[in-house]
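Engineer: Sharing a structure with you now.
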Amino acid sequence: MRHQGWSISAIARCMGRDRKTVRAYLTGERTVGVRAETRDEFLQFVSYCRQRLDDDPHLQARMLHGEIVELGYDRAYSTFTRALRRHLMWPRCGPRHRGRASPGGGPLEDVQFDWVQLPAPPVEWDCGQEMYLLMGSLTRSGHWRAALAGTGDLPHCVEALDQVLRRLGGTGERWSFDRTAPVCSTAGKVIAVFHEIAIHYGATIAIRPRTEAPDPVVRAHRSVVRHWWDTAAGEPGVQAAQDSLDRLTERSGSRNRPAGCRTRALLPLPPKPFPARICVQRRVDPRGLVPFEGNFYLLPAGLVGNEVRIRRRLDEPHLSVTTTRGAVIACFRRAPRGAGRTVAEHDGPIALERPGRTSGAGARARRTPCPSNPHPRTAP
């Protein structure tokens with residue numbers, strides 16, 4: 001066709017191919033029936049990536065991609081991850097590689113979590129319109145614990161997870177979750193921050209398929225919890241309900257444990273929880289008190305009836321009370337959960353919000369002339 005005088009564009013239209021492909025065959029750059037070899041730009045960075053992953057097995061792929069881009073790698077992140085899987089095997093970064101070997105060297109437990117939404121709690125508890133519960137069951141021994149959570153957001157889920165693990169006495173090597181909102185998206189993909197949470201506790205995450213039937217043990221635990229919740233409304237508060245739930249799980253776990261079952265090893269927990277930040281909104285009562293976790297914190301009388309926010313990081317011993325816009329009012333030493341204390345001493349001065357800036361004619365009317373210029377120039 002070329003010898004007959006056809007142009008490259010005409011040949012490409014006739015053959016249904018790209019013009020660059022036609023030109024490559026005509027100039028001899030490509031041969032019919034021979035696949036073109038593509039240069040792998042990742043090969044020159046293999047040794048660097050292998051060394052970085054040996055030094056830090058928890059290094060995120062996006063951070064590693066950013067590092068080699070600065071060194072001259074010009075491919076996209078998706079191409080980089082494919083090359084990383086093709087040329088390197090990501091190092092196994094379980095707890096045994098970080099000096100947290102299982103006690104006695106025995107087989108490790110797995111923890112199966114179940115996130116349950118409970119009906120509306122009693123109004124007397126003053127904890128909002130919803131209540132959640134996180135159950136954690138050891139898959140082999142049958143031991144299980146549960147913790148209440150005020151809302152279904154991620155920080156409260158992390159707080160409940162830490163409480164469940166500490167009640168169990170350690171963590172398993174793998175966590176198993178359903179497709180719950182705080183853990184993964186609707187497509188079943190675990191959110192990035194939850195991977196960091198699992199790394200903090202030395203575990204990995206597995207999402208149970210939606211088609212998989214719930215475990216019989218989990219179904220039994222759900223039934224027990226729902227029956228318990230029907231009677232928990234008579235408890236005086238959230239902490240009393242949590243204490244009742246702890247007694248229930250202890251009795252149920254010891255009764256349902258299979259005969260002759262050896263307790264599998266659990267991994268030790270970090271000294272502090274994952275640093276998630278909890279934020280709840282409360283109203284100051286007529287006495288100037290705001291309730292939080294079974295305790296009361298005293299605020300100035302001028303804030304009576306106002307809405308405030310209580311912020312707390314799980315790994316810190318104090319909390320802060322702020323306005324709804326985020327201005328810090330006071331910081332308090334956090335009292336133990338459910339202690340029933342009234343905390344009046346706060347750290348630092350009280351900083352209230354500044355009044356909103358006024359604009360328009362009202363602001364111009366209050367504007368005074370500069371003392372050095374008694375006759376300010378007026379606009380024409």
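Numbering starts fresh at 1 for the residues of each chain in the structure tokens, the chains themselves are lettered A, B, ... in the order given, and ligands are numbered from 1 as they appear.
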Excluding Leu298 of chain A and residues on its chain fewer than 2 positions from it, collect all residues at most 6 Å away from it, counting only C-alpha atoms, and give them as a ChimeraX atom specification.

Structural biologist: /A:288-289,344

Engineer: Skipping near chain neighbours, those fewer than 5 positions away, what residues fall within 12 Å of Thr231 of chain A using only C-alpha atoms, listed as a list in words?

Structural biologist: Pro121, Pro122, Val224, Val225, Arg226, Pro236, Ala241, Ser244 and Leu245 of chain A

Engineer: Next, dump the selected residues to file, keeping only N, CA and C atoms, as a tab-separated table (two decimals), in the first residue's frame.

Structural biologist:
chain	number	residue	atom	x	y	z
A	121	PRO	N	-30.53	3.87	73.38
A	121	PRO	CA	-30.30	3.67	74.81
A	121	PRO	C	-31.27	4.50	75.64
A	122	PRO	N	-31.39	4.21	76.94
A	122	PRO	CA	-32.28	4.99	77.79
A	122	PRO	C	-31.88	6.47	77.83
A	224	VAL	N	-27.07	-13.62	72.55
A	224	VAL	CA	-26.85	-13.34	73.97
A	224	VAL	C	-26.85	-11.84	74.23
A	225	VAL	N	-26.19	-11.09	73.35
A	225	VAL	CA	-26.09	-9.64	73.53
A	225	VAL	C	-27.46	-8.98	73.39
A	226	ARG	N	-28.25	-9.43	72.44
A	226	ARG	CA	-29.57	-8.81	72.26
A	226	ARG	C	-30.47	-9.09	73.46
A	236	PRO	N	-28.12	2.04	85.86
A	236	PRO	CA	-28.13	3.50	86.08
A	236	PRO	C	-27.32	4.29	85.08
A	241	ALA	N	-23.77	-0.55	82.75
A	241	ALA	CA	-24.12	-1.50	81.71
A	241	ALA	C	-22.88	-2.23	81.20
A	244	SER	N	-21.96	-4.88	83.70
A	244	SER	CA	-22.87	-6.02	83.55
A	244	SER	C	-22.51	-6.85	82.33
A	245	LEU	N	-22.13	-6.19	81.25
A	245	LEU	CA	-21.73	-6.90	80.04
A	245	LEU	C	-20.45	-7.70	80.26

Engineer: Identify, on the basis of only C-alpha atoms, every residue whose closest approach to segment 124-133 of chain A does not exceed 8 Å; exclude the query and any residue fewer than 4 positions from it along the same chain; express the result as a list in words.

Structural biologist: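 Everything that qualifies: Trp115, Val116, Gln117, Leu118, Pro119, Ala120, Ala146, Ala147, Leu148, Ala149, Gly150, Thr151, Gly152, Ala160, Pro236, Gly237, Val238 and Pro291 of chain A.
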
Engineer: With only C-alpha atoms as the counted atoms, please give the residues lying no more than 10 Å from Pro286 of chain A, apart from itself and same-chain residues fewer than 3 positions off, as a VMD selection string.

Structural biologist: chain A and resid 283 289 to 290 301 303 to 306

Engineer: Pick out the residues sitting within 9 Å of Asp74 of chain A, and hand them over as a PDB file with C-alpha atoms, in the first residue's frame; count only C-alpha atoms, and ignore anything fewer than 3 positions along from it in its own chain.

Structural biologist:
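See result.pdb below for the written result:
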ATOM      1  CA  GLU A  41      12.190   1.512  34.197  1.00  0.00           C
ATOM      2  CA  ILE A  68      11.987   6.844  43.810  1.00  0.00           C
ATOM      3  CA  VAL A  69      10.157   9.542  41.817  1.00  0.00           C
TER       4      VAL A  69
END

Engineer: Using only C-alpha atoms, determine which residues lie at most 10 Å from Val321 of chain A, disregarding the query and same-chain residues fewer than 6 positions distant; provide the list as a VMD selection string.

Structural biologist: chain A and resid 279 to 282 290 297 299 308 to 312 327 to 332 346 350

Engineer: Grab the residues selected above and save them as a PDB file, in the first residue's frame with N, CA, C and O atoms.

Structural biologist:
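Once written, selection_37.pdb looks like this:
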ATOM      1  N   CYS A 279     -14.399  13.033  69.499  1.00  0.00           N
ATOM      2  CA  CYS A 279     -15.043  14.339  69.636  1.00  0.00           C
ATOM      3  C   CYS A 279     -16.548  14.114  69.780  1.00  0.00           C
ATOM      4  O   CYS A 279     -17.169  13.521  68.893  1.00  0.00           O
ATOM      5  N   VAL A 280     -17.107  14.582  70.899  1.00  0.00           N
ATOM      6  CA  VAL A 280     -18.541  14.469  71.141  1.00  0.00           C
ATOM      7  C   VAL A 280     -19.082  15.851  71.511  1.00  0.00           C
ATOM      8  O   VAL A 280     -18.341  16.716  71.988  1.00  0.00           O
ATOM      9  N   GLN A 281     -20.347  16.038  71.290  1.00  0.00           N
ATOM     10  CA  GLN A 281     -20.994  17.318  71.584  1.00  0.00           C
ATOM     11  C   GLN A 281     -21.914  17.151  72.785  1.00  0.00           C
ATOM     12  O   GLN A 281     -22.669  16.185  72.874  1.00  0.00           O
ATOM     13  N   ARG A 282     -21.817  18.104  73.711  1.00  0.00           N
ATOM     14  CA  ARG A 282     -22.612  18.083  74.925  1.00  0.00           C
ATOM     15  C   ARG A 282     -23.172  19.483  75.194  1.00  0.00           C
ATOM     16  O   ARG A 282     -22.665  20.478  74.689  1.00  0.00           O
ATOM     17  N   VAL A 290     -20.671  19.528  82.365  1.00  0.00           N
ATOM     18  CA  VAL A 290     -20.861  18.764  81.134  1.00  0.00           C
ATOM     19  C   VAL A 290     -20.519  17.308  81.434  1.00  0.00           C
ATOM     20  O   VAL A 290     -19.472  17.003  82.017  1.00  0.00           O
ATOM     21  N   TYR A 297     -17.576  17.665  84.292  1.00  0.00           N
ATOM     22  CA  TYR A 297     -16.507  18.656  84.234  1.00  0.00           C
ATOM     23  C   TYR A 297     -17.133  20.041  84.354  1.00  0.00           C
ATOM     24  O   TYR A 297     -18.065  20.378  83.618  1.00  0.00           O
ATOM     25  N   LEU A 299     -17.577  23.995  84.155  1.00  0.00           N
ATOM     26  CA  LEU A 299     -17.241  25.116  83.291  1.00  0.00           C
ATOM     27  C   LEU A 299     -17.779  26.406  83.908  1.00  0.00           C
ATOM     28  O   LEU A 299     -18.609  26.372  84.822  1.00  0.00           O
ATOM     29  N   VAL A 308     -21.157  22.618  73.709  1.00  0.00           N
ATOM     30  CA  VAL A 308     -19.702  22.552  73.690  1.00  0.00           C
ATOM     31  C   VAL A 308     -19.292  21.195  73.122  1.00  0.00           C
ATOM     32  O   VAL A 308     -20.107  20.276  73.015  1.00  0.00           O
ATOM     33  N   ARG A 309     -18.026  21.091  72.773  1.00  0.00           N
ATOM     34  CA  ARG A 309     -17.472  19.832  72.280  1.00  0.00           C
ATOM     35  C   ARG A 309     -16.360  19.370  73.199  1.00  0.00           C
ATOM     36  O   ARG A 309     -15.565  20.181  73.685  1.00  0.00           O
ATOM     37  N   ILE A 310     -16.324  18.074  73.428  1.00  0.00           N
ATOM     38  CA  ILE A 310     -15.283  17.463  74.246  1.00  0.00           C
ATOM     39  C   ILE A 310     -14.389  16.646  73.325  1.00  0.00           C
ATOM     40  O   ILE A 310     -14.865  15.767  72.604  1.00  0.00           O
ATOM     41  N   ARG A 311     -13.107  16.956  73.345  1.00  0.00           N
ATOM     42  CA  ARG A 311     -12.137  16.292  72.480  1.00  0.00           C
ATOM     43  C   ARG A 311     -11.135  15.547  73.347  1.00  0.00           C
ATOM     44  O   ARG A 311     -10.653  16.070  74.352  1.00  0.00           O
ATOM     45  N   ARG A 312     -10.816  14.320  72.925  1.00  0.00           N
ATOM     46  CA  ARG A 312      -9.861  13.506  73.668  1.00  0.00           C
ATOM     47  C   ARG A 312      -9.115  12.589  72.717  1.00  0.00           C
ATOM     48  O   ARG A 312      -9.704  12.017  71.802  1.00  0.00           O
ATOM     49  N   ALA A 327     -12.694  26.733  69.392  1.00  0.00           N
ATOM     50  CA  ALA A 327     -11.879  27.482  70.340  1.00  0.00           C
ATOM     51  C   ALA A 327     -11.850  26.762  71.676  1.00  0.00           C
ATOM     52  O   ALA A 327     -12.884  26.350  72.197  1.00  0.00           O
ATOM     53  N   VAL A 328     -10.640  26.614  72.239  1.00  0.00           N
ATOM     54  CA  VAL A 328     -10.471  25.855  73.481  1.00  0.00           C
ATOM     55  C   VAL A 328     -10.976  26.682  74.661  1.00  0.00           C
ATOM     56  O   VAL A 328     -10.573  27.825  74.854  1.00  0.00           O
ATOM     57  N   ILE A 329     -11.848  26.090  75.450  1.00  0.00           N
ATOM     58  CA  ILE A 329     -12.346  26.729  76.666  1.00  0.00           C
ATOM     59  C   ILE A 329     -11.490  26.330  77.857  1.00  0.00           C
ATOM     60  O   ILE A 329     -11.037  27.182  78.618  1.00  0.00           O
ATOM     61  N   ALA A 330     -11.260  25.030  78.044  1.00  0.00           N
ATOM     62  CA  ALA A 330     -10.464  24.559  79.174  1.00  0.00           C
ATOM     63  C   ALA A 330      -9.979  23.157  78.896  1.00  0.00           C
ATOM     64  O   ALA A 330     -10.566  22.418  78.092  1.00  0.00           O
ATOM     65  N   CYS A 331      -8.883  22.774  79.568  1.00  0.00           N
ATOM     66  CA  CYS A 331      -8.334  21.427  79.519  1.00  0.00           C
ATOM     67  C   CYS A 331      -8.418  20.814  80.906  1.00  0.00           C
ATOM     68  O   CYS A 331      -8.102  21.480  81.908  1.00  0.00           O
ATOM     69  N   PHE A 332      -8.819  19.553  80.980  1.00  0.00           N
ATOM     70  CA  PHE A 332      -9.001  18.864  82.247  1.00  0.00           C
ATOM     71  C   PHE A 332      -8.182  17.580  82.250  1.00  0.00           C
ATOM     72  O   PHE A 332      -7.965  16.962  81.201  1.00  0.00           O
ATOM     73  N   HIS A 346      -9.064  22.974  86.047  1.00  0.00           N
ATOM     74  CA  HIS A 346      -8.678  22.871  84.643  1.00  0.00           C
ATOM     75  C   HIS A 346      -7.312  23.494  84.459  1.00  0.00           C
ATOM     76  O   HIS A 346      -6.856  24.308  85.269  1.00  0.00           O
ATOM     77  N   ILE A 350      -8.995  30.188  80.497  1.00  0.00           N
ATOM     78  CA  ILE A 350     -10.166  29.930  79.673  1.00  0.00           C
ATOM     79  C   ILE A 350     -10.139  30.871  78.482  1.00  0.00           C
ATOM     80  O   ILE A 350     -10.045  32.089  78.627  1.00  0.00           O
TER      81      ILE A 350
END
